[in-house]
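As provided, run-v7.cif (mmCIF, C-alpha atoms) reads as follows.
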```
data_query
loop_
_atom_site.label_atom_id
_atom_site.label_comp_id
_atom_site.auth_asym_id
_atom_site.auth_seq_id
_atom_site.Cartn_x
_atom_site.Cartn_y
_atom_site.Cartn_z
CA MET A 1 -29.31 -8.86 -17.82
CA THR A 2 -30.61 -5.32 -17.64
CA THR A 3 -29.87 -2.83 -14.94
CA SER A 4 -32.76 -0.78 -13.60
CA LEU A 5 -32.48 2.97 -13.28
CA THR A 6 -32.69 2.59 -9.49
CA GLU A 7 -29.74 0.16 -9.45
CA LEU A 8 -27.73 2.45 -11.72
CA LEU A 9 -28.42 5.54 -9.58
CA SER A 10 -27.58 3.57 -6.43
CA ALA A 11 -24.23 2.50 -7.92
CA ILE A 12 -23.44 6.07 -8.97
CA TRP A 13 -24.40 7.32 -5.50
CA HIS A 14 -22.15 4.81 -3.71
CA ASP A 15 -19.27 5.40 -6.12
CA GLY A 16 -19.69 9.16 -5.77
CA ARG A 17 -19.58 8.85 -1.97
CA ALA A 18 -16.34 6.84 -2.25
CA VAL A 19 -14.81 9.60 -4.42
CA LEU A 20 -15.89 12.30 -1.96
CA ARG A 21 -14.53 10.24 0.94
CA ALA A 22 -11.16 10.05 -0.87
CA ARG A 23 -11.11 13.83 -1.33
CA TRP A 24 -11.73 14.27 2.41
CA PHE A 25 -9.22 11.74 3.78
CA PHE A 26 -6.50 12.81 1.31
CA ARG A 27 -7.19 16.53 1.51
CA HIS A 28 -3.51 17.20 2.41
CA ALA A 29 -2.14 14.87 -0.27
CA GLU A 30 -1.58 15.08 -4.02
CA LEU A 31 -4.63 13.22 -5.28
CA GLY A 32 -5.34 11.87 -8.76
CA ALA A 33 -8.70 11.59 -10.48
CA ARG A 34 -11.38 9.07 -9.49
CA VAL A 35 -9.63 7.87 -6.33
CA ARG A 36 -12.12 5.93 -4.19
CA VAL A 37 -12.09 5.16 -0.47
CA TRP A 38 -14.43 2.86 1.41
CA GLY A 39 -14.49 3.11 5.21
CA HIS A 40 -12.36 5.39 7.34
CA PRO A 41 -8.59 5.09 6.79
CA SER A 42 -5.98 6.74 8.99
CA VAL A 43 -3.94 9.06 6.77
CA GLY A 44 -0.87 10.91 8.08
CA THR A 45 0.70 13.44 5.77
CA ALA A 46 3.64 14.93 7.67
CA GLY A 47 5.67 14.33 4.49
CA ARG A 48 4.35 13.88 0.92
CA VAL A 49 1.59 11.49 -0.08
CA ILE A 50 0.98 11.13 -3.82
CA VAL A 51 -2.01 9.06 -4.93
CA GLY A 52 -2.44 8.25 -8.64
CA ASP A 53 -5.62 8.14 -10.70
CA GLN A 54 -8.22 5.44 -10.00
CA VAL A 55 -6.58 4.15 -6.81
CA ARG A 56 -9.01 2.20 -4.60
CA ILE A 57 -8.56 1.91 -0.83
CA SER A 58 -10.67 -0.21 1.49
CA SER A 59 -10.73 0.49 5.20
CA THR A 60 -13.97 -1.27 6.07
CA LEU A 61 -13.33 -4.41 8.15
CA ALA A 62 -10.11 -3.04 9.69
CA VAL A 63 -8.51 0.40 9.55
CA THR A 64 -6.01 0.98 6.75
CA GLN A 65 -3.12 3.20 7.86
CA LEU A 66 -1.15 5.28 5.36
CA GLU A 67 1.59 7.49 6.81
CA SER A 68 4.47 9.61 5.57
CA GLY A 69 6.98 10.89 8.12
CA PRO A 70 8.29 14.48 8.02
CA ASN A 71 10.88 13.62 5.35
CA GLY A 72 8.95 10.70 3.87
CA VAL A 73 7.34 10.21 0.49
CA LEU A 74 4.55 7.70 -0.09
CA GLU A 75 3.64 7.23 -3.77
CA ILE A 76 0.73 5.03 -4.82
CA GLY A 77 0.51 4.37 -8.56
CA GLN A 78 -2.47 4.55 -10.86
CA GLY A 79 -5.09 1.80 -10.56
CA THR A 80 -3.64 0.27 -7.39
CA PHE A 81 -5.94 -1.45 -4.88
CA ILE A 82 -5.12 -1.43 -1.14
CA ASN A 83 -7.26 -3.74 0.97
CA HIS A 84 -8.45 -3.28 4.57
CA GLY A 85 -6.15 -3.42 7.58
CA CYS A 86 -2.93 -2.48 5.76
CA SER A 87 -0.19 -0.42 7.44
CA ILE A 88 2.08 1.50 5.08
CA ALA A 89 4.60 3.87 6.67
CA ALA A 90 7.15 5.88 4.68
CA ASN A 91 9.93 7.41 6.75
CA GLU A 92 12.01 7.93 3.58
CA LEU A 93 10.35 6.49 0.44
CA ILE A 94 7.75 3.88 -0.42
CA ARG A 95 6.84 3.74 -4.11
CA ILE A 96 3.96 1.47 -5.08
CA GLY A 97 3.77 1.16 -8.85
CA PRO A 98 0.68 1.23 -11.06
CA ARG A 99 -1.88 -1.59 -11.00
CA CYS A 100 -0.62 -3.24 -7.82
CA ASN A 101 -2.91 -5.28 -5.57
CA ILE A 102 -2.20 -5.13 -1.85
CA GLY A 103 -4.02 -7.82 0.17
CA PRO A 104 -5.58 -7.40 3.60
CA HIS A 105 -3.39 -6.72 6.65
CA VAL A 106 -0.19 -6.15 4.65
CA MET A 107 2.62 -4.19 6.35
CA ILE A 108 5.07 -2.11 4.32
CA MET A 109 7.53 -0.07 6.38
CA ASP A 110 10.82 1.44 5.25
CA THR A 111 12.26 1.72 8.76
CA ASN A 112 12.62 -0.44 11.87
CA PHE A 113 11.69 2.67 13.92
CA HIS A 114 14.37 1.98 16.54
CA ARG A 115 17.77 0.32 16.87
CA LEU A 116 18.16 -3.31 17.90
CA GLU A 117 20.83 -3.01 20.57
CA PRO A 118 19.23 -3.00 24.05
CA GLU A 119 21.08 0.13 25.18
CA ARG A 120 20.15 2.02 21.95
CA ARG A 121 16.48 1.11 21.53
CA ASN A 122 15.37 4.67 22.15
CA GLU A 123 17.38 5.83 19.13
CA GLU A 124 15.85 6.09 15.67
CA ALA A 125 17.07 3.55 13.12
CA GLY A 126 17.90 4.36 9.52
CA SER A 127 15.50 3.95 6.61
CA ALA A 128 15.86 2.41 3.16
CA PRO A 129 13.41 2.86 0.25
CA ILE A 130 10.86 0.22 -0.73
CA VAL A 131 9.76 -0.08 -4.35
CA LEU A 132 6.94 -2.21 -5.71
CA GLU A 133 7.17 -2.11 -9.47
CA GLU A 134 4.17 -2.32 -11.81
CA ASN A 135 1.46 -4.96 -11.30
CA VAL A 136 2.81 -6.52 -8.08
CA TRP A 137 0.38 -8.60 -6.02
CA LEU A 138 0.95 -8.97 -2.28
CA GLY A 139 -1.18 -11.65 -0.61
CA ALA A 140 -2.81 -11.32 2.80
CA ARG A 141 -0.57 -10.51 5.78
CA VAL A 142 2.62 -10.04 3.74
CA ILE A 143 5.35 -7.98 5.43
CA VAL A 144 7.77 -5.99 3.26
CA LEU A 145 10.86 -4.75 5.09
CA GLN A 146 13.12 -1.79 4.35
CA GLY A 147 15.39 -1.64 1.33
CA VAL A 148 13.38 -4.10 -0.80
CA THR A 149 12.43 -3.86 -4.48
CA ILE A 150 9.80 -6.24 -5.82
CA GLY A 151 9.98 -6.61 -9.61
CA ALA A 152 7.14 -5.98 -12.05
CA GLY A 153 4.49 -8.68 -12.33
CA SER A 154 5.60 -10.56 -9.21
CA VAL A 155 3.35 -12.25 -6.65
CA ILE A 156 4.19 -12.62 -2.96
CA GLY A 157 2.30 -15.43 -1.22
CA ALA A 158 0.14 -14.85 1.85
CA GLY A 159 2.00 -14.55 5.15
CA SER A 160 5.43 -14.08 3.55
CA VAL A 161 8.12 -11.77 4.92
CA VAL A 162 10.08 -10.04 2.15
CA THR A 163 13.61 -9.24 3.37
CA ARG A 164 15.45 -8.96 0.03
CA ASP A 165 14.79 -7.98 -3.59
CA ILE A 166 12.46 -10.16 -5.68
CA PRO A 167 13.07 -10.26 -9.46
CA ALA A 168 10.35 -9.41 -11.99
CA ARG A 169 7.68 -12.02 -12.81
CA SER A 170 8.45 -14.19 -9.78
CA LEU A 171 6.32 -16.07 -7.28
CA ALA A 172 7.91 -15.79 -3.84
CA VAL A 173 6.71 -17.33 -0.57
CA GLY A 174 7.95 -18.01 2.93
CA GLN A 175 9.62 -16.43 5.93
CA PRO A 176 11.90 -15.06 4.60
CA ALA A 177 10.33 -15.01 1.14
CA ARG A 178 12.19 -16.88 -1.57
CA VAL A 179 11.41 -17.29 -5.26
CA ILE A 180 9.83 -20.66 -6.01
CA ARG A 181 9.15 -20.12 -9.71
CA THR A 182 8.99 -17.61 -12.53
CA LEU A 183 5.67 -16.41 -13.94
#
```
Structure rendered as structure tokens:
Amino acid sequence: MTTSLTELLSAIWHDGRAVLRARWFFRHAELGARVRVWGHPSVGTAGRVIVGDQVRISSTLAVTQLESGPNGVLEIGQGTFINHGCSIAANELIRIGPRCNIGPHVMIMDTNFHRLEPERRNEEAGSAPIVLEENVWLGARVIVLQGVTIGAGSVIGAGSVVTRDIPARSLAVGQPARVIRTL
């Protein structure tokens, strides 16, 4: 199948717009080469946001929110894809490794934002780092809670809530997520 010059120029135009959009939305971040953004994400850079080369972010069907608090660091590794509707908030540290795939409407937050006790709910809760190692795949609507490390090559099934570490090359599902087999 051959590609016409018009189709090729159209593809370059759309890809170029996605690269320019990334430069605009991440203008206060440390941005790698050939990062592409589709749609209009909400990006908060009170802390540090580091985006690796060839990261792709979709914010088309629902707004993708990427935030780093004043002391927070959000690192997104090379070649990672973040789908629409995700909320990722780093109060301390969220490190997403290279070549990860983050499904639609995933939530990754390293803090509970407030304490649980009724009389202390106006107080800020502590944070604990979240690490997604290389080539992790999070299905749609996964929630990753504070203090969790997900090992390289692992897959978390859609709708799961990750409350504890997941070893490398594991398939984990459920609420809370538990390993059902090795990959």
Between CA of Phe26 in chain A and CA of Ala90 in chain A, what is the distance, to one decimal in Å?
-> 15.7 Å
Pick out the residues sitting within 6 Å of range 53-64 of chain A, and hand them over as a ChimeraX atom specification; count only C-alpha atoms, and ignore anything fewer than 2 positions along from it in its own chain.
-> /A:32-41,78-86
Using only C-alpha atoms, I'd like a table of the residues in range 71-117 of chain A that come within 6 Å of range 142-152 of chain A; for each, show the closest atom pair and its distance in Å rounded to one decimal, ordered by chain and ascending number, as JSON lines.
```
{"residue": "A:Val106", "atom": "CA", "partner": "A:Val142", "partner_atom": "CA", "distance": 4.9}
{"residue": "A:Met107", "atom": "CA", "partner": "A:Ile143", "partner_atom": "CA", "distance": 4.8}
{"residue": "A:Ile108", "atom": "CA", "partner": "A:Val144", "partner_atom": "CA", "distance": 4.8}
{"residue": "A:Met109", "atom": "CA", "partner": "A:Leu145", "partner_atom": "CA", "distance": 5.9}
{"residue": "A:Asp110", "atom": "CA", "partner": "A:Gln146", "partner_atom": "CA", "distance": 4.1}
{"residue": "A:Thr111", "atom": "CA", "partner": "A:Gln146", "partner_atom": "CA", "distance": 5.7}
```
CA of Ile180 in chain A to CA of Val161 in chain A, distance in Å rounded to a single decimal =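 Value for the CA of Ile180 in chain A-CA of Val161 in chain A distance: 14.2 Å.
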In Å to one decimal, how far is CA of Ala177 in chain A from CA of Val162 in chain A?
-> 5.1 Å
Specify as a ChimeraX atom specification each residue included when the PyMOL selection byres ((chain A and resi 97-101) around 7) is applied to this file.
-> /A:76-82,95-96,102-103,132-138
Take every atom of range 130-149 of chain A listed in the file, pad by 5 Å on each side, and give me the axis-aligned box centre and edge lengths in Å, one decimal, as JSON.
```
{"center_x": 6.3, "center_y": -5.7, "center_z": -3.0, "size_x": 28.2, "size_y": 21.9, "size_z": 27.6}
```
So which residues touch Glu124 in chain A within 9 Å, counting only C-alpha atoms, skipping near sequence neighbours fewer than 2 positions away, as a ChimeraX atom specification?
-> /A:111-115,120-122,126
List the residues selected by the PyMOL selection byres ((chain A and resi 89) around 8) in the file shown, writing them as a ChimeraX atom specification.
-> /A:65-69,74,87-88,90-91,94,108-110
Given the choices A:Val51, A:Ala172, A:Val73, A:Ile130, which gets closest to Ala158 in chain A if the distance is worked out from all atoms listed in the file?
->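 Of A:Val51, A:Ala172, A:Val73, A:Ile130, the one nearest Ala158 in chain A, counting all atoms listed in the file, is A:Ala172.
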Nearest-residue call for His105 in chain A, choices A:Ala125, A:Arg141, A:Arg17, A:Leu93, using all atoms listed in the file =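 Looking only at the distances to His105 in chain A, the closest residue turns out to be A:Arg141.
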